[in-house]
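*Asks:* Sharing a structure with you now.
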Amino acid sequence: MHTSFHRHRLSRQRGMGATIILFTIALIVLVGAALAYGSRGNSKAFSNESAKVMSSVLLKQSAEYRDAYNRYIFDGGSATTMKFDATSPDGLFNSTKQYGIQQDPPAKAFLTPASPTPWDYSDKVIVTGIGTGSADSIVYAAGLIQEVCEQINTQLYGGTAAVTKEAAIATVAALKAGSTITSSAGKATGCIQLNDLTYVFYSTLAEN
């Protein structure tokens with residue numbers, strides 16, 4: 001009888017141990033599923049927040065470029081000889097005058113984050129509705145994600161601020177060589193889409 005009692009108790013303990021193990025495994029599976037579900041449910045919100053952060057960084061960097069350009073002009077520099085590089089004396093980022101610092105745009109703001117397009121410059125682009133209609137000096141970042149472009153326009157002008165297409169500008173090379181931006185008439189800063197579907201954020205350094 002004594003032996004039988006111990007066998008029964010040991011069997012019951014083993015059964016309880018197996019139940020606890022199964023319960024623990026089930027709990028782990030449930031927690032993992034909940035985390036995965038929550039991650040999927042918050043992915044869009046995370047994307048929106050990321051777009052807001054990256055658009056704010058781009059806007060800040062463009063403002064710093066404009067400040068650097070104004071310091072260059074105030075120091076006696078000429079718009080016709082200014083270079084968007086570190087050469088001296090007319091390079092905007094030259095180490096002697098230190099008008100400004102060359103910025104790295106946030107990589108995740110681009111469709112190909114592994115090789116983001118750096119900021120570039122052109123003094124051959126006309127932005128309609130500002131200045132006298134002559135070519136303006138602009139900085140721009142090309143190849144952005146659509147959501148980042150939309151957030152830029154929203155932060156600047158409110159509402160949904162949809163990105164409109166510049167059908168007459170085929171590519172980024174065409175933009176740089178000399179084109180007219182019409183969809184953002186009167187806006188010194190904004191985001192547009194070129195005819196090849198590339199999203200471009202631009203900001204004027206000087207309105208001519």
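In the structure tokens, chains take the letters A, B, ... in the order shown, each chain's residues start at 1, and ligands count up from 1 in the order shown.
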As number ranges by chain, please: the residues near A:Thr160 (cut-off 9 Å, only C-alpha atoms, same-chain neighbours under 6 positions excluded).
*Replies:* A: 150-151, 153-154
*Asks:* Which residues come within 12 Å of A:Asn70, counting only C-alpha atoms, excluding same-chain residues fewer than 2 positions away, as a count of residues only?
*Replies:* 23
*Asks:* Apply DSSP to the structure's backbone, then extract all residues of stretch 48-126 of chain A labelled helix (DSSP H, G or I) and return them as number ranges by chain.
*Replies:* A: 48-74, 107-109
*Asks:* Write out as a ChimeraX atom specification the residues lying within 7 Å of A:Asp123, counting only C-alpha atoms and excluding same-chain residues fewer than 2 positions away.
*Replies:* /A:121,125,135-138
*Asks:* Go ahead and dump the residues you just picked, C-alpha atoms, as a compact mmCIF listing (two decimals), in the first residue's frame.
*Replies:*
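And here's selection_1.txt as it stands now:
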```
# COMPACT_ATOMS: atom_id res chain seq x y z
CA TYR A 121 22.51 72.30 -56.76
CA VAL A 125 15.73 76.19 -62.63
CA ALA A 135 16.43 81.17 -63.35
CA ASP A 136 16.60 80.60 -59.60
CA SER A 137 19.29 78.94 -57.50
CA ILE A 138 17.98 75.78 -55.84
```
*Asks:* Counting only C-alpha atoms, which residue out of A:Lys83, A:Ser183, A:Tyr140, A:Thr96 sits closest to A:Thr117?
*Replies:*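 That would be A:Tyr140, the residue with the smallest distance to A:Thr117.
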*Asks:* May I ask which of the residues A:Gln146, A:Gln103, A:Gln155, A:Asn195 is the closest one to A:Ser56, counting only C-alpha atoms?
*Replies:* A:Gln155
*Asks:* Given only C-alpha atoms as the basis, pick out the residue of A:Gln98, A:Ser179, A:Gln61, A:Asn48 nearest to A:Gly133.
*Replies:*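 Closest residue, counting only C-alpha atoms: A:Ser179.
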